[in-house]
>>> print(open('entry.csv').read())   # CSV, N, CA and C atoms
chain,number,residue,atom,x,y,z
A,1,MET,N,-30.9,-31.4,9.5
A,1,MET,CA,-29.6,-32.0,9.7
A,1,MET,C,-28.5,-31.0,9.8
A,2,VAL,N,-27.7,-31.1,10.7
A,2,VAL,CA,-26.6,-30.2,10.9
A,2,VAL,C,-25.4,-30.5,10.0
A,3,ASN,N,-25.0,-29.4,9.3
A,3,ASN,CA,-23.8,-29.6,8.4
A,3,ASN,C,-22.6,-29.9,9.2
A,4,PRO,N,-21.9,-31.1,8.9
A,4,PRO,CA,-20.8,-31.5,9.7
A,4,PRO,C,-19.6,-30.4,9.8
A,5,TYR,N,-19.4,-29.8,8.6
A,5,TYR,CA,-18.4,-28.7,8.6
A,5,TYR,C,-18.7,-27.6,9.5
A,6,GLU,N,-20.0,-27.1,9.5
A,6,GLU,CA,-20.4,-26.0,10.3
A,6,GLU,C,-20.3,-26.4,11.8
A,7,GLN,N,-20.6,-27.7,12.1
A,7,GLN,CA,-20.5,-28.1,13.5
A,7,GLN,C,-19.0,-28.2,13.9
A,8,TYR,N,-18.2,-28.6,13.0
A,8,TYR,CA,-16.7,-28.6,13.3
A,8,TYR,C,-16.2,-27.2,13.6
A,9,LYS,N,-16.6,-26.3,12.7
A,9,LYS,CA,-16.2,-24.9,12.9
A,9,LYS,C,-16.6,-24.3,14.2
A,10,ARG,N,-17.9,-24.6,14.5
A,10,ARG,CA,-18.4,-24.1,15.8
A,10,ARG,C,-17.7,-24.7,17.0
A,11,THR,N,-17.4,-26.0,16.9
A,11,THR,CA,-16.7,-26.6,18.0
A,11,THR,C,-15.3,-26.1,18.1
A,12,THR,N,-14.6,-25.9,17.0
A,12,THR,CA,-13.3,-25.4,17.0
A,12,THR,C,-13.2,-24.0,17.6
A,13,VAL,N,-14.1,-23.1,17.2
A,13,VAL,CA,-14.1,-21.8,17.8
A,13,VAL,C,-14.4,-21.7,19.3
A,14,THR,N,-15.3,-22.6,19.7
A,14,THR,CA,-15.7,-22.5,21.1
A,14,THR,C,-14.6,-23.2,22.0
A,15,THR,N,-13.7,-23.9,21.4
A,15,THR,CA,-12.6,-24.5,22.3
A,15,THR,C,-11.3,-23.8,22.1
A,16,MET,N,-11.2,-22.7,21.4
A,16,MET,CA,-10.0,-22.0,21.2
A,16,MET,C,-9.7,-21.1,22.4
A,17,THR,N,-8.4,-20.8,22.6
A,17,THR,CA,-8.0,-19.9,23.7
A,17,THR,C,-8.3,-18.5,23.2
A,18,LYS,N,-8.3,-17.5,24.1
A,18,LYS,CA,-8.5,-16.1,23.7
A,18,LYS,C,-7.4,-15.7,22.7
A,19,GLY,N,-6.2,-16.1,22.9
A,19,GLY,CA,-5.1,-15.8,22.0
A,19,GLY,C,-5.4,-16.3,20.6
A,20,GLU,N,-5.8,-17.6,20.5
A,20,GLU,CA,-6.1,-18.2,19.2
A,20,GLU,C,-7.2,-17.5,18.5
A,21,LEU,N,-8.2,-17.1,19.3
A,21,LEU,CA,-9.4,-16.3,18.7
A,21,LEU,C,-8.9,-15.0,18.1
A,22,LEU,N,-8.1,-14.3,18.9
A,22,LEU,CA,-7.6,-13.0,18.5
A,22,LEU,C,-6.8,-13.1,17.2
A,23,ILE,N,-5.9,-14.1,17.1
A,23,ILE,CA,-5.1,-14.4,15.9
A,23,ILE,C,-6.0,-14.7,14.7
A,24,LEU,N,-7.0,-15.5,15.0
A,24,LEU,CA,-8.0,-15.9,13.9
A,24,LEU,C,-8.7,-14.6,13.4
A,25,LEU,N,-9.1,-13.7,14.3
A,25,LEU,CA,-9.7,-12.4,13.8
A,25,LEU,C,-8.7,-11.6,12.9
A,26,TYR,N,-7.4,-11.5,13.4
A,26,TYR,CA,-6.4,-10.8,12.6
A,26,TYR,C,-6.2,-11.5,11.2
A,27,ASP,N,-6.2,-12.8,11.2
A,27,ASP,CA,-6.0,-13.5,9.9
A,27,ASP,C,-7.2,-13.2,9.0
A,28,GLU,N,-8.4,-13.2,9.6
A,28,GLU,CA,-9.6,-12.9,8.8
A,28,GLU,C,-9.5,-11.5,8.2
A,29,VAL,N,-9.2,-10.5,9.0
A,29,VAL,CA,-9.1,-9.1,8.6
A,29,VAL,C,-8.0,-8.9,7.5
A,30,ILE,N,-6.9,-9.6,7.7
A,30,ILE,CA,-5.8,-9.5,6.7
A,30,ILE,C,-6.3,-10.1,5.4
A,31,LYS,N,-7.0,-11.2,5.4
A,31,LYS,CA,-7.5,-11.9,4.2
A,31,LYS,C,-8.5,-10.9,3.5
A,32,LYS,N,-9.4,-10.3,4.3
A,32,LYS,CA,-10.4,-9.4,3.7
A,32,LYS,C,-9.8,-8.2,3.2
A,33,LEU,N,-8.8,-7.6,3.8
A,33,LEU,CA,-8.1,-6.4,3.3
A,33,LEU,C,-7.4,-6.7,2.0
A,34,ASN,N,-6.7,-7.8,1.9
A,34,ASN,CA,-6.1,-8.2,0.6
A,34,ASN,C,-7.1,-8.5,-0.5
A,35,HIS,N,-8.2,-9.1,-0.1
A,35,HIS,CA,-9.3,-9.3,-1.1
A,35,HIS,C,-9.9,-8.0,-1.6
A,36,SER,N,-10.1,-7.0,-0.6
A,36,SER,CA,-10.7,-5.8,-1.0
A,36,SER,C,-9.7,-5.0,-2.0
A,37,ILE,N,-8.4,-5.1,-1.8
A,37,ILE,CA,-7.5,-4.5,-2.7
A,37,ILE,C,-7.7,-5.0,-4.2
A,38,LEU,N,-7.8,-6.4,-4.3
A,38,LEU,CA,-8.1,-7.0,-5.6
A,38,LEU,C,-9.4,-6.5,-6.2
A,39,LEU,N,-10.4,-6.4,-5.3
A,39,LEU,CA,-11.7,-5.9,-5.8
A,39,LEU,C,-11.7,-4.5,-6.3
A,40,ILE,N,-11.0,-3.6,-5.6
A,40,ILE,CA,-10.9,-2.2,-6.0
A,40,ILE,C,-10.1,-2.1,-7.3
A,41,GLU,N,-9.0,-2.9,-7.4
A,41,GLU,CA,-8.2,-2.9,-8.6
A,41,GLU,C,-9.0,-3.4,-9.8
A,42,ASN,N,-10.0,-4.2,-9.6
A,42,ASN,CA,-10.9,-4.7,-10.7
A,42,ASN,C,-12.2,-3.9,-10.8
A,43,ASN,N,-12.2,-2.8,-10.1
A,43,ASN,CA,-13.4,-1.9,-10.2
A,43,ASN,C,-14.7,-2.5,-9.7
A,44,ASP,N,-14.6,-3.4,-8.8
A,44,ASP,CA,-15.7,-4.0,-8.2
A,44,ASP,C,-15.9,-3.3,-6.8
A,45,TYR,N,-16.3,-2.0,-6.9
A,45,TYR,CA,-16.4,-1.2,-5.7
A,45,TYR,C,-17.5,-1.6,-4.7
A,46,LYS,N,-18.6,-2.1,-5.2
A,46,LYS,CA,-19.7,-2.5,-4.4
A,46,LYS,C,-19.2,-3.7,-3.5
A,47,GLN,N,-18.6,-4.7,-4.1
A,47,GLN,CA,-18.2,-5.9,-3.3
A,47,GLN,C,-17.0,-5.5,-2.4
A,48,ALA,N,-16.2,-4.6,-2.8
A,48,ALA,CA,-15.1,-4.1,-2.0
A,48,ALA,C,-15.6,-3.4,-0.7
A,49,SER,N,-16.6,-2.6,-0.9
A,49,SER,CA,-17.2,-1.9,0.2
A,49,SER,C,-17.8,-2.9,1.2
A,50,ILE,N,-18.5,-3.9,0.7
A,50,ILE,CA,-19.1,-4.9,1.6
A,50,ILE,C,-18.0,-5.6,2.4
A,51,ILE,N,-16.9,-6.0,1.8
A,51,ILE,CA,-15.7,-6.6,2.4
A,51,ILE,C,-15.1,-5.7,3.4
A,52,LEU,N,-14.9,-4.5,3.0
A,52,LEU,CA,-14.3,-3.5,3.9
A,52,LEU,C,-15.2,-3.2,5.2
A,53,GLU,N,-16.5,-3.2,5.0
A,53,GLU,CA,-17.4,-3.1,6.2
A,53,GLU,C,-17.2,-4.2,7.1
A,54,LYS,N,-17.0,-5.4,6.6
A,54,LYS,CA,-16.7,-6.6,7.5
A,54,LYS,C,-15.4,-6.4,8.3
A,55,CYS,N,-14.4,-5.8,7.6
A,55,CYS,CA,-13.2,-5.5,8.3
A,55,CYS,C,-13.4,-4.5,9.5
A,56,ARG,N,-14.2,-3.5,9.2
A,56,ARG,CA,-14.5,-2.5,10.2
A,56,ARG,C,-15.2,-3.1,11.4
A,57,LYS,N,-16.1,-4.0,11.1
A,57,LYS,CA,-16.8,-4.7,12.2
A,57,LYS,C,-15.9,-5.6,13.0
A,58,ILE,N,-14.9,-6.2,12.4
A,58,ILE,CA,-13.9,-6.9,13.2
A,58,ILE,C,-13.2,-6.0,14.1
A,59,PHE,N,-12.7,-4.8,13.6
A,59,PHE,CA,-12.0,-3.8,14.5
A,59,PHE,C,-12.9,-3.3,15.6
A,60,TYR,N,-14.2,-3.1,15.3
A,60,TYR,CA,-15.2,-2.6,16.3
A,60,TYR,C,-15.3,-3.7,17.4
A,61,HIS,N,-15.3,-4.9,17.0
A,61,HIS,CA,-15.4,-6.0,17.9
A,61,HIS,C,-14.2,-6.0,18.8
A,62,LEU,N,-13.0,-5.9,18.2
A,62,LEU,CA,-11.7,-5.8,19.0
A,62,LEU,C,-11.8,-4.6,20.0
A,63,MET,N,-12.3,-3.5,19.5
A,63,MET,CA,-12.4,-2.4,20.4
A,63,MET,C,-13.3,-2.7,21.7
A,64,GLU,N,-14.4,-3.4,21.4
A,64,GLU,CA,-15.3,-3.7,22.5
A,64,GLU,C,-14.7,-4.7,23.5
A,65,THR,N,-13.7,-5.4,23.1
A,65,THR,CA,-13.1,-6.4,24.0
A,65,THR,C,-11.9,-5.9,24.8
A,66,LEU,N,-11.5,-4.7,24.5
A,66,LEU,CA,-10.4,-4.1,25.2
A,66,LEU,C,-10.7,-3.9,26.7
A,67,ASP,N,-9.7,-4.1,27.5
A,67,ASP,CA,-9.8,-3.9,29.0
A,67,ASP,C,-9.1,-2.6,29.3
A,68,ASN,N,-9.9,-1.6,29.6
A,68,ASN,CA,-9.4,-0.3,29.8
A,68,ASN,C,-8.4,-0.1,31.1
A,69,LYS,N,-8.3,-1.1,31.9
A,69,LYS,CA,-7.4,-1.0,33.0
A,69,LYS,C,-5.9,-1.1,32.6
A,70,TYR,N,-5.7,-1.4,31.3
A,70,TYR,CA,-4.3,-1.5,30.8
A,70,TYR,C,-4.0,-0.3,29.9
A,71,ASP,N,-2.9,0.3,30.1
A,71,ASP,CA,-2.5,1.5,29.2
A,71,ASP,C,-2.5,1.1,27.7
A,72,MET,N,-2.1,-0.2,27.5
A,72,MET,CA,-2.0,-0.6,26.1
A,72,MET,C,-3.4,-0.6,25.4
A,73,SER,N,-4.4,-0.8,26.2
A,73,SER,CA,-5.8,-0.8,25.6
A,73,SER,C,-6.1,0.5,24.9
A,74,ASN,N,-5.7,1.6,25.5
A,74,ASN,CA,-5.9,3.0,25.0
A,74,ASN,C,-5.2,3.1,23.6
A,75,GLU,N,-3.9,2.6,23.6
A,75,GLU,CA,-3.2,2.7,22.4
A,75,GLU,C,-3.8,1.8,21.3
A,76,LEU,N,-4.2,0.6,21.6
A,76,LEU,CA,-4.9,-0.3,20.7
A,76,LEU,C,-6.2,0.4,20.2
A,77,MET,N,-6.9,1.0,21.1
A,77,MET,CA,-8.2,1.7,20.7
A,77,MET,C,-7.9,2.7,19.6
A,78,GLU,N,-6.9,3.5,19.8
A,78,GLU,CA,-6.5,4.6,18.8
A,78,GLU,C,-6.1,3.9,17.5
A,79,LEU,N,-5.4,2.8,17.6
A,79,LEU,CA,-4.9,2.1,16.4
A,79,LEU,C,-6.1,1.6,15.6
A,80,TYR,N,-7.1,0.9,16.3
A,80,TYR,CA,-8.2,0.4,15.7
A,80,TYR,C,-9.1,1.5,15.1
A,81,LEU,N,-9.2,2.6,15.7
A,81,LEU,CA,-10.0,3.7,15.2
A,81,LEU,C,-9.3,4.2,13.9
A,82,PHE,N,-8.0,4.3,13.9
A,82,PHE,CA,-7.2,4.7,12.8
A,82,PHE,C,-7.5,3.8,11.6
A,83,PHE,N,-7.4,2.4,11.9
A,83,PHE,CA,-7.6,1.4,10.8
A,83,PHE,C,-9.0,1.7,10.2
A,84,ASN,N,-10.0,1.9,11.1
A,84,ASN,CA,-11.4,2.1,10.5
A,84,ASN,C,-11.5,3.3,9.7
A,85,ARG,N,-10.8,4.4,10.1
A,85,ARG,CA,-10.8,5.6,9.3
A,85,ARG,C,-10.2,5.4,7.9
A,86,GLU,N,-9.1,4.7,7.9
A,86,GLU,CA,-8.5,4.4,6.6
A,86,GLU,C,-9.3,3.4,5.8
A,87,ILE,N,-10.0,2.5,6.4
A,87,ILE,CA,-10.8,1.6,5.6
A,87,ILE,C,-12.0,2.4,5.1
A,88,THR,N,-12.5,3.3,5.8
A,88,THR,CA,-13.6,4.1,5.3
A,88,THR,C,-13.2,5.0,4.2
A,89,LYS,N,-12.0,5.5,4.2
A,89,LYS,CA,-11.4,6.3,3.1
A,89,LYS,C,-11.3,5.4,1.9
A,90,ALA,N,-10.8,4.2,2.1
A,90,ALA,CA,-10.6,3.3,0.9
A,90,ALA,C,-11.9,3.0,0.2
A,91,ALA,N,-13.0,2.8,1.0
A,91,ALA,CA,-14.3,2.5,0.5
A,91,ALA,C,-14.9,3.8,-0.2
A,92,SER,N,-14.7,4.9,0.4
A,92,SER,CA,-15.2,6.2,-0.1
A,92,SER,C,-14.5,6.7,-1.4
A,93,TYR,N,-13.2,6.6,-1.3
A,93,TYR,CA,-12.4,7.2,-2.4
A,93,TYR,C,-12.1,6.1,-3.5
A,94,LYS,N,-12.4,4.8,-3.1
A,94,LYS,CA,-12.2,3.7,-4.1
A,94,LYS,C,-10.7,3.6,-4.4
A,95,GLU,N,-9.9,3.7,-3.4
A,95,GLU,CA,-8.4,3.7,-3.6
A,95,GLU,C,-7.8,2.7,-2.7
A,96,THR,N,-6.9,1.9,-3.2
A,96,THR,CA,-6.2,0.9,-2.4
A,96,THR,C,-5.1,1.4,-1.5
A,97,LYS,N,-4.6,2.7,-1.7
A,97,LYS,CA,-3.5,3.2,-1.0
A,97,LYS,C,-3.8,3.2,0.5
A,98,TYR,N,-5.1,3.4,0.9
A,98,TYR,CA,-5.4,3.5,2.3
A,98,TYR,C,-5.3,2.1,3.0
A,99,ILE,N,-5.7,1.1,2.2
A,99,ILE,CA,-5.6,-0.3,2.7
A,99,ILE,C,-4.1,-0.7,2.8
A,100,GLU,N,-3.4,-0.4,1.7
A,100,GLU,CA,-2.0,-0.7,1.7
A,100,GLU,C,-1.2,0.0,2.8
A,101,SER,N,-1.6,1.1,3.2
A,101,SER,CA,-0.9,1.8,4.3
A,101,SER,C,-1.1,1.1,5.7
A,102,ILE,N,-2.2,0.5,5.9
A,102,ILE,CA,-2.5,-0.1,7.2
A,102,ILE,C,-2.1,-1.6,7.2
A,103,LEU,N,-2.1,-2.2,6.1
A,103,LEU,CA,-1.9,-3.7,6.0
A,103,LEU,C,-0.6,-4.2,6.7
A,104,PRO,N,0.5,-3.5,6.5
A,104,PRO,CA,1.7,-3.9,7.2
A,104,PRO,C,1.6,-3.8,8.7
A,105,ILE,N,0.9,-2.8,9.2
A,105,ILE,CA,0.7,-2.6,10.6
A,105,ILE,C,-0.2,-3.7,11.2
A,106,VAL,N,-1.2,-4.0,10.5
A,106,VAL,CA,-2.1,-5.1,10.9
A,106,VAL,C,-1.4,-6.4,11.0
A,107,LYS,N,-0.6,-6.7,10.0
A,107,LYS,CA,0.2,-7.9,9.9
A,107,LYS,C,1.2,-8.0,11.1
A,108,ASP,N,1.9,-6.8,11.4
A,108,ASP,CA,2.8,-6.8,12.5
A,108,ASP,C,2.1,-7.1,13.8
A,109,LEU,N,0.9,-6.5,14.0
A,109,LEU,CA,0.1,-6.7,15.2
A,109,LEU,C,-0.2,-8.2,15.3
A,110,ARG,N,-0.6,-8.8,14.2
A,110,ARG,CA,-1.0,-10.2,14.2
A,110,ARG,C,0.2,-11.0,14.7
A,111,GLU,N,1.4,-10.7,14.2
A,111,GLU,CA,2.6,-11.5,14.5
A,111,GLU,C,2.9,-11.2,16.0
A,112,THR,N,2.8,-10.0,16.5
A,112,THR,CA,3.0,-9.7,17.9
A,112,THR,C,2.1,-10.5,18.8
A,113,TRP,N,0.8,-10.6,18.5
A,113,TRP,CA,-0.1,-11.3,19.3
A,113,TRP,C,0.2,-12.8,19.2
A,114,SER,N,0.6,-13.3,18.0
A,114,SER,CA,1.0,-14.7,17.9
A,114,SER,C,2.1,-15.1,18.8
A,115,GLU,N,3.1,-14.2,18.8
A,115,GLU,CA,4.3,-14.4,19.7
A,115,GLU,C,3.9,-14.4,21.2
A,116,ALA,N,3.0,-13.4,21.5
A,116,ALA,CA,2.6,-13.3,22.9
A,116,ALA,C,1.8,-14.5,23.3
A,117,ASP,N,1.0,-15.0,22.4
A,117,ASP,CA,0.2,-16.2,22.7
A,117,ASP,C,1.1,-17.4,23.0
A,118,LYS,N,2.2,-17.5,22.1
A,118,LYS,CA,3.2,-18.6,22.3
A,118,LYS,C,3.9,-18.5,23.7
A,119,ILE,N,4.2,-17.3,24.0
A,119,ILE,CA,4.9,-17.1,25.3
A,119,ILE,C,4.0,-17.4,26.5
A,120,ALA,N,2.7,-17.0,26.4
A,120,ALA,CA,1.7,-17.3,27.4
A,120,ALA,C,1.5,-18.8,27.6
A,121,ARG,N,1.5,-19.5,26.5
A,121,ARG,CA,1.3,-21.0,26.6
A,121,ARG,C,2.5,-21.7,27.3
A,122,VAL,N,3.7,-21.2,26.9
A,122,VAL,CA,4.9,-21.8,27.6
A,122,VAL,C,4.9,-21.5,29.0
A,123,THR,N,4.5,-20.2,29.4
A,123,THR,CA,4.5,-19.8,30.8
A,123,THR,C,3.5,-20.6,31.6
A,124,LYS,N,2.3,-20.9,31.0
A,124,LYS,CA,1.3,-21.6,31.7
A,124,LYS,C,1.7,-23.1,31.8
A,125,GLY,N,2.3,-23.6,30.7
A,125,GLY,CA,2.6,-25.0,30.6
A,125,GLY,C,3.7,-25.5,31.5
>>> encode(input="entry.csv", output="structure tokens")
Amino acid sequence: MVNPYEQYKRTTVTTMTKGELLILLYDEVIKKLNHSILLIENNDYKQASIILEKCRKIFYHLMETLDNKYDMSNELMELYLFFNREITKAASYKETKYIESILPIVKDLRETWSEADKIARVTKG
């Protein structure tokens, strides 16, 4: 028997626009970065490392979806690589300062994409 909640989630994701999916990924990575800060502060380094690896995977996915015909894609690629380096440092050195340094930038990017998605919807509508 299919779990109704899982079916709802699957349907929701498959009907989202690209902008909505992108924002969802940013929301997820922000949530995980915040969670990893708490885990590191509570000396749960193993779980923090697992959560941080999930963040890295999200950024790798975002890198794979970039369209290189746009100049902005190169800049985003560099930013995502930077995020992953800082996440790796946070996991390796077990310090929150690396996460805290990128979190505001990730949040700003999320807001920028959210605004761009709103503008795109108005333009299409």
>>> atom_distance(input="entry.csv", atom1="atom C of Tyr80 of chain A", atom2="atom C of Leu38 of chain A")
22.8 Å
>>> atom_distance(input="entry.csv", atom1="atom CA of Leu52 of chain A", atom2="atom CA of Leu33 of chain A")
6.9 Å
>>> residues_around(input="entry.csv", residues="Leu22 of chain A", least_positions_apart="2", cutoff="10 Å", atoms="only C-alpha atoms", output="count of residues only")
15
>>> atom_distance(input="entry.csv", atom1="atom CA of Tyr93 of chain A", atom2="atom CA of Leu81 of chain A")
18.1 Å
>>> select_by_dssp(input="entry.csv", residues="chain A", states="alpha helix (DSSP H)", output="PyMOL selection string")
chain A and resi 4-14+18-41+45-64+71-93+97-124
>>> build_atoms(input="entry.csv", residues="segment 52-63 of chain A", atoms="all heavy atoms", output="tab-separated table (two decimals), in the frame of the given file")
chain	number	residue	atom	x	y	z
A	52	LEU	N	-14.90	-4.50	3.00
A	52	LEU	CA	-14.30	-3.50	3.90
A	52	LEU	C	-15.20	-3.20	5.20
A	52	LEU	O	-14.65	-3.02	6.27
A	52	LEU	CB	-14.01	-2.18	3.20
A	52	LEU	CG	-12.87	-2.28	2.18
A	52	LEU	CD1	-12.81	-1.02	1.32
A	52	LEU	CD2	-11.54	-2.53	2.88
A	53	GLU	N	-16.50	-3.20	5.00
A	53	GLU	CA	-17.40	-3.10	6.20
A	53	GLU	C	-17.20	-4.20	7.10
A	53	GLU	O	-17.23	-4.04	8.35
A	53	GLU	CB	-18.82	-2.96	5.70
A	53	GLU	CG	-19.80	-2.73	6.83
A	53	GLU	CD	-19.53	-1.49	7.67
A	53	GLU	OE1	-18.95	-0.50	7.16
A	53	GLU	OE2	-19.90	-1.49	8.86
A	54	LYS	N	-17.00	-5.40	6.60
A	54	LYS	CA	-16.70	-6.60	7.50
A	54	LYS	C	-15.40	-6.40	8.30
A	54	LYS	O	-15.34	-6.74	9.46
A	54	LYS	CB	-16.67	-7.86	6.68
A	54	LYS	CG	-18.04	-8.26	6.14
A	54	LYS	CD	-17.98	-9.51	5.30
A	54	LYS	CE	-19.38	-9.83	4.76
A	54	LYS	NZ	-19.40	-11.04	3.94
A	55	CYS	N	-14.40	-5.80	7.60
A	55	CYS	CA	-13.20	-5.50	8.30
A	55	CYS	C	-13.40	-4.50	9.50
A	55	CYS	O	-12.91	-4.65	10.58
A	55	CYS	CB	-12.14	-4.90	7.37
A	55	CYS	SG	-11.54	-6.06	6.13
A	56	ARG	N	-14.20	-3.50	9.20
A	56	ARG	CA	-14.50	-2.50	10.20
A	56	ARG	C	-15.20	-3.10	11.40
A	56	ARG	O	-14.94	-2.80	12.53
A	56	ARG	CB	-15.37	-1.34	9.61
A	56	ARG	CG	-14.58	-0.48	8.61
A	56	ARG	CD	-15.40	0.66	8.04
A	56	ARG	NE	-15.69	1.58	9.12
A	56	ARG	CZ	-16.88	2.14	9.31
A	56	ARG	NH1	-17.89	1.90	8.51
A	56	ARG	NH2	-17.07	2.97	10.30
A	57	LYS	N	-16.10	-4.00	11.10
A	57	LYS	CA	-16.80	-4.70	12.20
A	57	LYS	C	-15.90	-5.60	13.00
A	57	LYS	O	-16.06	-5.62	14.26
A	57	LYS	CB	-17.94	-5.62	11.59
A	57	LYS	CG	-19.13	-4.83	11.09
A	57	LYS	CD	-20.22	-5.72	10.54
A	57	LYS	CE	-21.38	-4.87	10.05
A	57	LYS	NZ	-22.47	-5.68	9.52
A	58	ILE	N	-14.90	-6.20	12.40
A	58	ILE	CA	-13.90	-6.90	13.20
A	58	ILE	C	-13.20	-6.00	14.10
A	58	ILE	O	-12.99	-6.25	15.32
A	58	ILE	CB	-12.93	-7.67	12.28
A	58	ILE	CG1	-13.66	-8.81	11.57
A	58	ILE	CG2	-11.73	-8.21	13.08
A	58	ILE	CD1	-12.86	-9.51	10.48
A	59	PHE	N	-12.70	-4.80	13.60
A	59	PHE	CA	-12.00	-3.80	14.50
A	59	PHE	C	-12.90	-3.30	15.60
A	59	PHE	O	-12.50	-3.08	16.69
A	59	PHE	CB	-11.39	-2.74	13.65
A	59	PHE	CG	-10.18	-3.20	12.90
A	59	PHE	CD1	-10.11	-3.12	11.52
A	59	PHE	CD2	-9.09	-3.75	13.57
A	59	PHE	CE1	-9.00	-3.56	10.83
A	59	PHE	CE2	-7.97	-4.20	12.89
A	59	PHE	CZ	-7.93	-4.10	11.52
A	60	TYR	N	-14.20	-3.10	15.30
A	60	TYR	CA	-15.20	-2.60	16.30
A	60	TYR	C	-15.30	-3.70	17.40
A	60	TYR	O	-15.33	-3.39	18.57
A	60	TYR	CB	-16.53	-2.28	15.73
A	60	TYR	CG	-16.57	-0.91	15.10
A	60	TYR	CD1	-17.00	-0.74	13.79
A	60	TYR	CD2	-16.18	0.22	15.81
A	60	TYR	CE1	-17.03	0.52	13.20
A	60	TYR	CE2	-16.21	1.48	15.24
A	60	TYR	CZ	-16.64	1.62	13.94
A	60	TYR	OH	-16.67	2.86	13.35
A	61	HIS	N	-15.30	-4.90	17.00
A	61	HIS	CA	-15.40	-6.00	17.90
A	61	HIS	C	-14.20	-6.00	18.80
A	61	HIS	O	-14.25	-6.18	20.04
A	61	HIS	CB	-15.56	-7.38	17.24
A	61	HIS	CG	-15.45	-8.54	18.18
A	61	HIS	ND1	-16.45	-8.87	19.07
A	61	HIS	CD2	-14.43	-9.41	18.41
A	61	HIS	CE1	-16.06	-9.90	19.80
A	61	HIS	NE2	-14.84	-10.25	19.43
A	62	LEU	N	-13.00	-5.90	18.20
A	62	LEU	CA	-11.70	-5.80	19.00
A	62	LEU	C	-11.80	-4.60	20.00
A	62	LEU	O	-11.27	-4.78	21.08
A	62	LEU	CB	-10.54	-5.75	18.03
A	62	LEU	CG	-10.27	-7.01	17.21
A	62	LEU	CD1	-9.18	-6.75	16.18
A	62	LEU	CD2	-9.91	-8.18	18.11
A	63	MET	N	-12.30	-3.50	19.50
A	63	MET	CA	-12.40	-2.40	20.40
A	63	MET	C	-13.30	-2.70	21.70
A	63	MET	O	-12.96	-2.32	22.78
A	63	MET	CB	-13.02	-1.16	19.71
A	63	MET	CG	-12.08	-0.48	18.78
A	63	MET	SD	-12.87	0.99	18.09
A	63	MET	CE	-12.80	0.60	16.36
